[in-house]
>>> print(open('query.cif').read())   # mmCIF, C-alpha atoms
data_run
loop_
_atom_site.group_PDB
_atom_site.id
_atom_site.type_symbol
_atom_site.label_atom_id
_atom_site.label_comp_id
_atom_site.auth_asym_id
_atom_site.auth_seq_id
_atom_site.Cartn_x
_atom_site.Cartn_y
_atom_site.Cartn_z
ATOM 1 C CA GLN R 1 69.486 132.390 108.373
ATOM 2 C CA VAL R 2 70.690 135.744 107.097
ATOM 3 C CA VAL R 3 70.449 136.105 103.333
ATOM 4 C CA ASN R 4 73.052 138.390 101.766
ATOM 5 C CA MET R 5 71.817 140.384 98.806
ATOM 6 C CA MET R 6 73.779 141.960 95.980
ATOM 7 C CA GLY R 7 72.664 144.711 93.627
ATOM 8 C CA TYR R 8 73.192 144.437 89.875
ATOM 9 C CA TYR R 9 72.538 147.545 87.851
ATOM 10 C CA HIS R 10 72.653 149.072 84.395
ATOM 11 C CA ILE R 11 72.317 152.830 83.959
ATOM 12 C CA LEU R 12 72.648 155.319 81.104
ATOM 13 C CA SER R 13 73.866 158.899 81.475
ATOM 14 C CA LEU R 14 71.439 161.479 80.098
ATOM 15 C CA PRO R 15 71.764 165.281 80.265
ATOM 16 C CA TRP R 16 69.285 166.744 82.741
ATOM 17 C CA GLN R 17 66.927 169.615 82.034
ATOM 18 C CA ALA R 18 64.431 171.303 84.323
ATOM 19 C CA GLN R 19 60.871 171.767 83.147
ATOM 20 C CA ILE R 20 59.366 175.223 82.803
ATOM 21 C CA GLY R 21 55.737 175.142 83.821
ATOM 22 C CA PRO R 22 53.794 171.875 83.441
ATOM 23 C CA SER R 23 56.029 170.653 80.620
ATOM 24 C CA CYS R 24 57.480 167.416 82.024
ATOM 25 C CA GLY R 25 56.749 165.467 78.844
ATOM 26 C CA LEU R 26 58.440 168.031 76.613
ATOM 27 C CA ALA R 27 61.396 168.216 79.007
ATOM 28 C CA ALA R 28 61.707 164.431 78.833
ATOM 29 C CA LEU R 29 61.880 164.599 75.041
ATOM 30 C CA ARG R 30 64.478 167.374 75.158
ATOM 31 C CA MET R 31 66.705 165.289 77.444
ATOM 32 C CA ILE R 32 66.383 162.262 75.174
ATOM 33 C CA ARG R 33 66.927 164.335 72.029
ATOM 34 C CA GLU R 34 70.150 165.759 73.457
ATOM 35 C CA TYR R 35 71.262 162.329 74.691
ATOM 36 C CA PHE R 36 70.924 160.758 71.247
ATOM 37 C CA ALA R 37 72.482 163.813 69.571
ATOM 38 C CA ASN R 38 75.534 163.477 71.834
ATOM 39 C CA THR R 39 75.671 159.712 71.327
ATOM 40 C CA ASN R 40 75.550 160.009 67.551
ATOM 41 C CA ASN R 41 77.666 163.155 67.300
ATOM 42 C CA ASP R 42 81.028 161.420 66.676
ATOM 43 C CA GLY R 43 82.916 164.641 67.370
ATOM 44 C CA ASN R 44 80.957 166.727 64.862
ATOM 45 C CA ASN R 45 80.645 170.136 66.530
ATOM 46 C CA ASP R 46 78.370 171.441 63.773
ATOM 47 C CA ASN R 47 75.467 169.460 65.199
ATOM 48 C CA LYS R 48 76.007 170.966 68.649
ATOM 49 C CA ASN R 49 75.592 174.480 67.254
ATOM 50 C CA THR R 50 72.371 173.701 65.365
ATOM 51 C CA GLN R 51 69.352 175.620 66.669
ATOM 52 C CA LEU R 52 66.696 173.050 67.518
ATOM 53 C CA PRO R 53 63.001 173.866 67.084
ATOM 54 C CA SER R 54 60.880 174.726 70.113
ATOM 55 C CA LEU R 55 58.890 171.662 71.106
ATOM 56 C CA LEU R 56 56.502 173.854 73.089
ATOM 57 C CA GLY R 57 55.815 176.025 70.034
ATOM 58 C CA ILE R 58 55.232 172.994 67.828
ATOM 59 C CA ALA R 59 52.957 171.348 70.393
ATOM 60 C CA GLN R 60 50.920 174.530 70.757
ATOM 61 C CA GLU R 61 50.574 174.945 66.978
ATOM 62 C CA ARG R 62 49.212 171.410 66.699
ATOM 63 C CA GLY R 63 46.773 171.884 69.552
ATOM 64 C CA TYR R 64 48.453 169.332 71.794
ATOM 65 C CA THR R 65 48.902 171.753 74.686
ATOM 66 C CA MET R 66 48.227 175.204 76.084
ATOM 67 C CA ASP R 67 51.090 175.705 78.540
ATOM 68 C CA GLY R 68 53.239 172.591 78.004
ATOM 69 C CA GLU R 69 51.079 169.874 79.537
ATOM 70 C CA ILE R 70 50.627 166.761 77.373
ATOM 71 C CA PHE R 71 47.566 164.728 78.340
ATOM 72 C CA ASP R 72 47.834 162.232 75.472
ATOM 73 C CA ALA R 73 50.913 160.011 75.166
ATOM 74 C CA SER R 74 50.290 159.619 71.440
ATOM 75 C CA ASN R 75 50.935 163.361 71.021
ATOM 76 C CA LEU R 76 54.306 162.935 72.706
ATOM 77 C CA LEU R 77 54.975 159.984 70.401
ATOM 78 C CA GLU R 78 54.361 162.138 67.328
ATOM 79 C CA LEU R 79 56.642 164.884 68.614
ATOM 80 C CA ALA R 80 59.408 162.358 69.235
ATOM 81 C CA GLN R 81 59.073 160.801 65.792
ATOM 82 C CA GLN R 82 58.410 163.847 63.657
ATOM 83 C CA ASP R 83 60.303 166.628 65.400
ATOM 84 C CA CYS R 84 63.067 165.047 67.482
ATOM 85 C CA GLY R 85 64.451 162.479 65.061
ATOM 86 C CA ILE R 86 63.873 159.735 67.617
ATOM 87 C CA SER R 87 62.857 156.222 66.685
ATOM 88 C CA CYS R 88 59.924 155.814 69.039
ATOM 89 C CA GLU R 89 57.059 153.397 69.496
ATOM 90 C CA MET R 90 54.265 152.917 71.993
ATOM 91 C CA TRP R 91 54.309 149.858 74.233
ATOM 92 C CA SER R 92 51.635 148.441 76.461
ATOM 93 C CA VAL R 93 52.784 148.721 80.076
ATOM 94 C CA GLN R 94 50.879 145.631 81.089
ATOM 95 C CA ASP R 95 51.910 143.396 78.186
ATOM 96 C CA GLN R 96 55.352 144.603 77.093
ATOM 97 C CA PHE R 97 56.982 146.681 79.832
ATOM 98 C CA GLN R 98 58.514 143.706 81.619
ATOM 99 C CA PRO R 99 61.954 143.653 83.327
ATOM 100 C CA ALA R 100 63.528 141.351 80.714
ATOM 101 C CA GLN R 101 62.367 143.645 77.885
ATOM 102 C CA ILE R 102 63.440 146.761 79.784
ATOM 103 C CA GLN R 103 66.897 145.274 80.286
ATOM 104 C CA GLU R 104 67.209 144.521 76.562
ATOM 105 C CA VAL R 105 66.322 148.077 75.516
ATOM 106 C CA LEU R 106 68.636 149.686 78.079
ATOM 107 C CA GLN R 107 71.495 147.420 77.034
ATOM 108 C CA ALA R 108 71.099 148.665 73.459
ATOM 109 C CA GLY R 109 71.216 152.302 74.613
ATOM 110 C CA GLY R 110 67.489 152.974 74.443
ATOM 111 C CA VAL R 111 65.299 154.605 77.085
ATOM 112 C CA PHE R 112 61.628 154.797 78.025
ATOM 113 C CA VAL R 113 59.255 157.684 78.681
ATOM 114 C CA LEU R 114 56.903 156.465 81.390
ATOM 115 C CA PRO R 115 53.912 158.402 82.753
ATOM 116 C CA TYR R 116 53.012 157.846 86.399
ATOM 117 C CA ASP R 117 51.596 159.709 89.384
ATOM 118 C CA SER R 118 54.402 161.495 91.224
ATOM 119 C CA ASN R 119 54.201 162.187 94.953
ATOM 120 C CA ALA R 120 54.669 165.926 95.466
ATOM 121 C CA GLY R 121 57.018 165.407 98.403
ATOM 122 C CA THR R 122 59.087 162.341 97.577
ATOM 123 C CA ARG R 123 58.773 162.384 93.754
ATOM 124 C CA LEU R 124 58.194 158.627 93.957
ATOM 125 C CA PRO R 125 55.324 156.861 92.163
ATOM 126 C CA CYS R 126 51.978 156.991 93.940
ATOM 127 C CA LYS R 127 48.290 156.438 93.215
ATOM 128 C CA ILE R 128 46.119 159.547 93.022
ATOM 129 C CA ASP R 129 44.136 158.700 89.864
ATOM 130 C CA GLY R 130 46.283 160.822 87.546
ATOM 131 C CA ARG R 131 46.089 164.085 89.488
ATOM 132 C CA GLY R 132 49.851 163.966 89.935
ATOM 133 C CA ALA R 133 50.591 162.678 86.434
ATOM 134 C CA HIS R 134 54.221 163.114 85.493
ATOM 135 C CA TYR R 135 56.528 161.891 82.732
ATOM 136 C CA GLY R 136 59.847 160.296 83.666
ATOM 137 C CA VAL R 137 62.660 158.794 81.625
ATOM 138 C CA VAL R 138 63.658 155.268 82.591
ATOM 139 C CA VAL R 139 67.456 155.371 82.369
ATOM 140 C CA GLY R 140 68.393 152.294 84.370
ATOM 141 C CA MET R 141 67.422 149.224 86.306
ATOM 142 C CA LEU R 142 68.601 147.701 89.572
ATOM 143 C CA VAL R 143 68.096 144.059 90.479
ATOM 144 C CA MET R 144 68.603 142.739 93.985
ATOM 145 C CA ALA R 145 69.564 139.056 94.071
ATOM 146 C CA GLU R 146 70.825 136.629 96.654
ATOM 147 C CA GLN R 147 74.594 136.354 96.682
ATOM 148 C CA GLN R 148 76.120 133.140 95.491
ATOM 149 C CA PRO R 149 78.750 131.532 97.796
ATOM 150 C CA GLN R 150 81.746 132.726 95.767
ATOM 151 C CA GLN R 151 80.321 136.254 95.696
ATOM 152 C CA GLN R 152 79.888 136.243 99.476
ATOM 153 C CA GLU R 153 83.545 135.270 99.916
ATOM 154 C CA GLN R 154 84.625 138.080 97.589
ATOM 155 C CA GLN R 155 82.363 140.527 99.446
ATOM 156 C CA SER R 156 83.938 139.567 102.782
ATOM 157 C CA ASP R 157 87.415 140.227 101.374
ATOM 158 C CA ASN R 158 86.310 143.610 100.022
ATOM 159 C CA ASP R 159 84.671 144.618 103.300
ATOM 160 C CA ALA R 160 87.861 143.734 105.174
ATOM 161 C CA ASN R 161 89.847 146.098 102.949
ATOM 162 C CA ARG R 162 87.471 149.078 103.036
ATOM 163 C CA ASP R 163 86.194 151.196 105.883
ATOM 164 C CA SER R 164 83.717 153.377 103.983
ATOM 165 C CA LEU R 165 80.746 152.940 101.658
ATOM 166 C CA PRO R 166 80.418 149.174 102.095
ATOM 167 C CA GLU R 167 77.111 149.144 100.260
ATOM 168 C CA MET R 168 78.700 150.451 97.081
ATOM 169 C CA ILE R 169 80.950 147.422 96.893
ATOM 170 C CA LYS R 170 77.906 145.278 96.312
ATOM 171 C CA LEU R 171 77.000 147.037 93.069
ATOM 172 C CA HIS R 172 78.191 145.467 89.856
ATOM 173 C CA PRO R 173 77.111 146.210 86.276
ATOM 174 C CA LEU R 174 74.056 144.072 85.640
ATOM 175 C CA LEU R 175 74.990 143.027 82.145
ATOM 176 C CA GLU R 176 78.688 142.427 82.780
ATOM 177 C CA GLU R 177 78.249 140.026 85.680
ATOM 178 C CA THR R 178 77.037 136.491 85.018
ATOM 179 C CA THR R 179 74.751 135.447 87.820
ATOM 180 C CA THR R 180 71.959 132.933 87.772
ATOM 181 C CA ASN R 181 70.236 134.565 90.720
ATOM 182 C CA ALA R 182 70.019 137.982 89.071
ATOM 183 C CA SER R 183 68.694 136.468 85.851
ATOM 184 C CA ALA R 184 66.087 134.582 87.849
ATOM 185 C CA ALA R 185 65.044 137.793 89.609
ATOM 186 C CA ILE R 186 64.547 139.519 86.258
ATOM 187 C CA GLY R 187 62.611 136.576 84.877
ATOM 188 C CA SER R 188 60.277 136.493 87.865
ATOM 189 C CA ASN R 189 59.953 140.308 88.045
ATOM 190 C CA GLY R 190 61.118 140.153 91.652
ATOM 191 C CA ASN R 191 63.318 142.700 93.452
ATOM 192 C CA VAL R 192 63.525 144.874 90.328
ATOM 193 C CA PHE R 193 63.842 148.650 90.718
ATOM 194 C CA LEU R 194 63.626 151.309 88.008
ATOM 195 C CA LEU R 195 65.961 154.320 87.908
ATOM 196 C CA VAL R 196 63.921 157.224 86.568
ATOM 197 C CA GLN R 197 65.191 160.655 85.577
ATOM 198 C CA HIS R 198 62.666 163.497 85.519
ATOM 199 C CA SER R 199 62.541 167.246 85.142
ATOM 200 C CA LEU R 200 61.460 168.234 88.656
ATOM 201 C CA SER R 201 64.776 167.263 90.270
ATOM 202 C CA PRO R 202 68.244 166.224 89.101
ATOM 203 C CA LYS R 203 67.996 163.334 91.560
ATOM 204 C CA LEU R 204 66.763 160.011 90.218
ATOM 205 C CA SER R 205 63.497 158.553 91.448
ATOM 206 C CA ILE R 206 64.182 154.945 92.415
ATOM 207 C CA ALA R 207 61.309 152.629 93.259
ATOM 208 C CA PRO R 208 60.192 149.058 92.582
ATOM 209 C CA TRP R 209 59.200 148.305 89.002
ATOM 210 C CA SER R 210 55.802 147.185 90.277
ATOM 211 C CA ASP R 211 55.186 150.574 91.943
ATOM 212 C CA PHE R 212 55.729 152.429 88.671
ATOM 213 C CA VAL R 213 53.529 149.963 86.774
ATOM 214 C CA GLU R 214 50.685 150.149 89.295
ATOM 215 C CA SER R 215 50.869 153.939 89.312
ATOM 216 C CA ASN R 216 50.693 154.046 85.520
ATOM 217 C CA GLN R 217 47.703 151.728 85.409
ATOM 218 C CA GLN R 218 45.463 154.128 87.354
ATOM 219 C CA LEU R 219 46.074 157.357 85.410
ATOM 220 C CA THR R 220 42.518 158.359 84.589
ATOM 221 C CA THR R 221 41.829 161.879 85.894
ATOM 222 C CA ILE R 222 43.133 165.352 85.048
ATOM 223 C CA ASP R 223 43.744 167.640 88.018
ATOM 224 C CA GLU R 224 41.036 170.318 87.676
ATOM 225 C CA ALA R 225 42.582 172.437 90.432
ATOM 226 C CA LYS R 226 45.819 172.682 88.456
ATOM 227 C CA PHE R 227 44.652 172.741 84.847
ATOM 228 C CA GLY R 228 41.079 174.044 85.098
ATOM 229 C CA LYS R 229 37.754 172.529 84.163
ATOM 230 C CA SER R 230 38.187 173.260 80.457
ATOM 231 C CA ASN R 231 41.136 170.886 80.308
ATOM 232 C CA SER R 232 39.451 168.371 82.597
ATOM 233 C CA THR R 233 36.779 167.774 79.954
ATOM 234 C CA ASN R 234 39.527 166.150 77.852
ATOM 235 C CA ASN R 235 40.454 162.548 78.475
ATOM 236 C CA LEU R 236 43.772 161.599 80.027
ATOM 237 C CA HIS R 237 45.383 159.146 77.598
ATOM 238 C CA LEU R 238 48.348 157.968 79.642
ATOM 239 C CA GLN R 239 47.080 154.797 81.294
ATOM 240 C CA GLY R 240 48.887 151.692 80.074
ATOM 241 C CA CYS R 241 51.220 153.709 77.813
ATOM 242 C CA VAL R 242 55.017 153.804 77.731
ATOM 243 C CA LEU R 243 57.209 155.170 74.930
ATOM 244 C CA VAL R 244 60.283 153.223 73.827
ATOM 245 C CA CYS R 245 62.892 155.594 72.400
ATOM 246 C CA ARG R 246 65.897 154.656 70.313
ATOM 247 C CA SER R 247 68.244 156.716 68.147
ATOM 248 C CA GLY R 248 68.082 156.755 64.378
ATOM 249 C CA GLY R 249 64.608 158.125 63.779
ATOM 250 C CA THR R 250 63.655 159.671 60.479
#
>>> encode(input="query.cif", output="structure tokens")
Amino acid sequence: QVVNMMGYYHILSLPWQAQIGPSCGLAALRMIREYFANTNNDGNNDNKNTQLPSLLGIAQERGYTMDGEIFDASNLLELAQQDCGISCEMWSVQDQFQPAQIQEVLQAGGVFVLPYDSNAGTRLPCKIDGRGAHYGVVVGMLVMAEQQPQQQEQQSDNDANRDSLPEMIKLHPLLEETTTNASAAIGSNGNVFLLVQHSLSPKLSIAPWSDFVESNQQLTTIDEAKFGKSNSTNNLHLQGCVLVCRSGGT
């Protein structure tokens, strides 16, 4: 028996910025800072013209970085709270970063900064012990669920009326469509994909939630070939960490 699947998604629109040097964490904060500034702007153009402080300069003054790299997620947390006006807290990836909780934060307009190993070719999460450590911003979630009978009938009608992009017809906003199957998929952590924006490409990295989690859980080693042995003597404090960012920080 063929099982028809439907995708339910929720995604936020964040401005994209490219990183300069190994500054993916700082670039992630800049994107989030601009996103919340635009969200809370309410048509006030004065805020748009305000010169924002250099996160790289601040991070260097505090000894967090040499060239933009941030090896400790708690340093990024402090920058978000103290210098970006972002309400930010650290979550445990294993205990708190679950699909139901991710959905709740995204629905409220919040985002996550998630460290993971990034494959140099595909930019998808991989497992190389932290040598490809990268920060991404979780801006959305996609859940694949089995279609209910009434949805299959509607899909057939839509397919009969369209000749192009049939797959796009299957996508409906996750939180605006009541479906028991999608809720069950979220509750069981099954068929859940994260939509991650990052500073190496304007294209989103889309992979199973479990792939991002497993990649995060093995971040233990600094790439000596890239950052030198002096930096490799420091510990990589990214494993098990994810930052939850909301507007309204002080």
>>> resolve_selection(input="query.cif", expression="the PyMOL selection byres ((chain R and resi 203) around 12)", output="PyMOL selection string")
chain R and resi 16-18+122-124+136+195-202+204-206
>>> residues_around(input="query.cif", residues="Leu56 of chain R", least_positions_apart="3", cutoff="7 Å", atoms="all atoms listed in the file", output="JSON list (two decimals) with C-alpha atoms, in the frame of the given file")
[["chain", "number", "residue", "atom", "x", "y", "z"],
["R", 59, "ALA", "CA", 52.96, 171.35, 70.39],
["R", 60, "GLN", "CA", 50.92, 174.53, 70.76],
["R", 68, "GLY", "CA", 53.24, 172.59, 78.00]]
>>> atom_distance(input="query.cif", atom1="atom CA of Leu219 of chain R", atom2="atom CA of Gly57 of chain R")
26.1 Å
>>> closest_residue(input="query.cif", among="R:Asp223, R:Asp67, R:Glu104, R:Asp211", to="Cys24 of chain R", atoms="all atoms listed in the file")
R:Asp67
>>> resolve_selection(input="query.cif", expression="the PyMOL selection byres ((chain R and resi 28) around 8)", output="list in words")
Cys24, Gly25, Leu26, Ala27, Leu29, Arg30, Met31, Ile32, Val113, Tyr135, Gly136, Val137, His198 and Ser199 of chain R
>>> resolve_selection(input="query.cif", expression="the PyMOL selection byres ((chain R and resi 247) around 9)", output="PyMOL selection string")
chain R and resi 33+36-37+39-40+85-88+109-110+245-246+248-249
>>> closest_residue(input="query.cif", among="R:Met144, R:Glu214, R:Leu55, R:Lys226", to="Val192 of chain R", atoms="only C-alpha atoms")
R:Met144
>>> residues_around(input="query.cif", residues="Gly140 of chain R", least_positions_apart="6", cutoff="9 Å", atoms="all atoms listed in the file", output="ChimeraX atom specification")
/R:9-12,102-103,106,111,193-196
>>> atom_distance(input="query.cif", atom1="atom CA of Phe227 of chain R", atom2="atom CA of Ala133 of chain R")
11.8 Å
>>> atom_distance(input="query.cif", atom1="atom CA of Ser74 of chain R", atom2="atom CA of Arg62 of chain R")
12.8 Å
>>> closest_residue(input="query.cif", among="R:Leu79, R:Val244, R:Val143, R:Ala73", to="Gln101 of chain R", atoms="only C-alpha atoms")
R:Val244
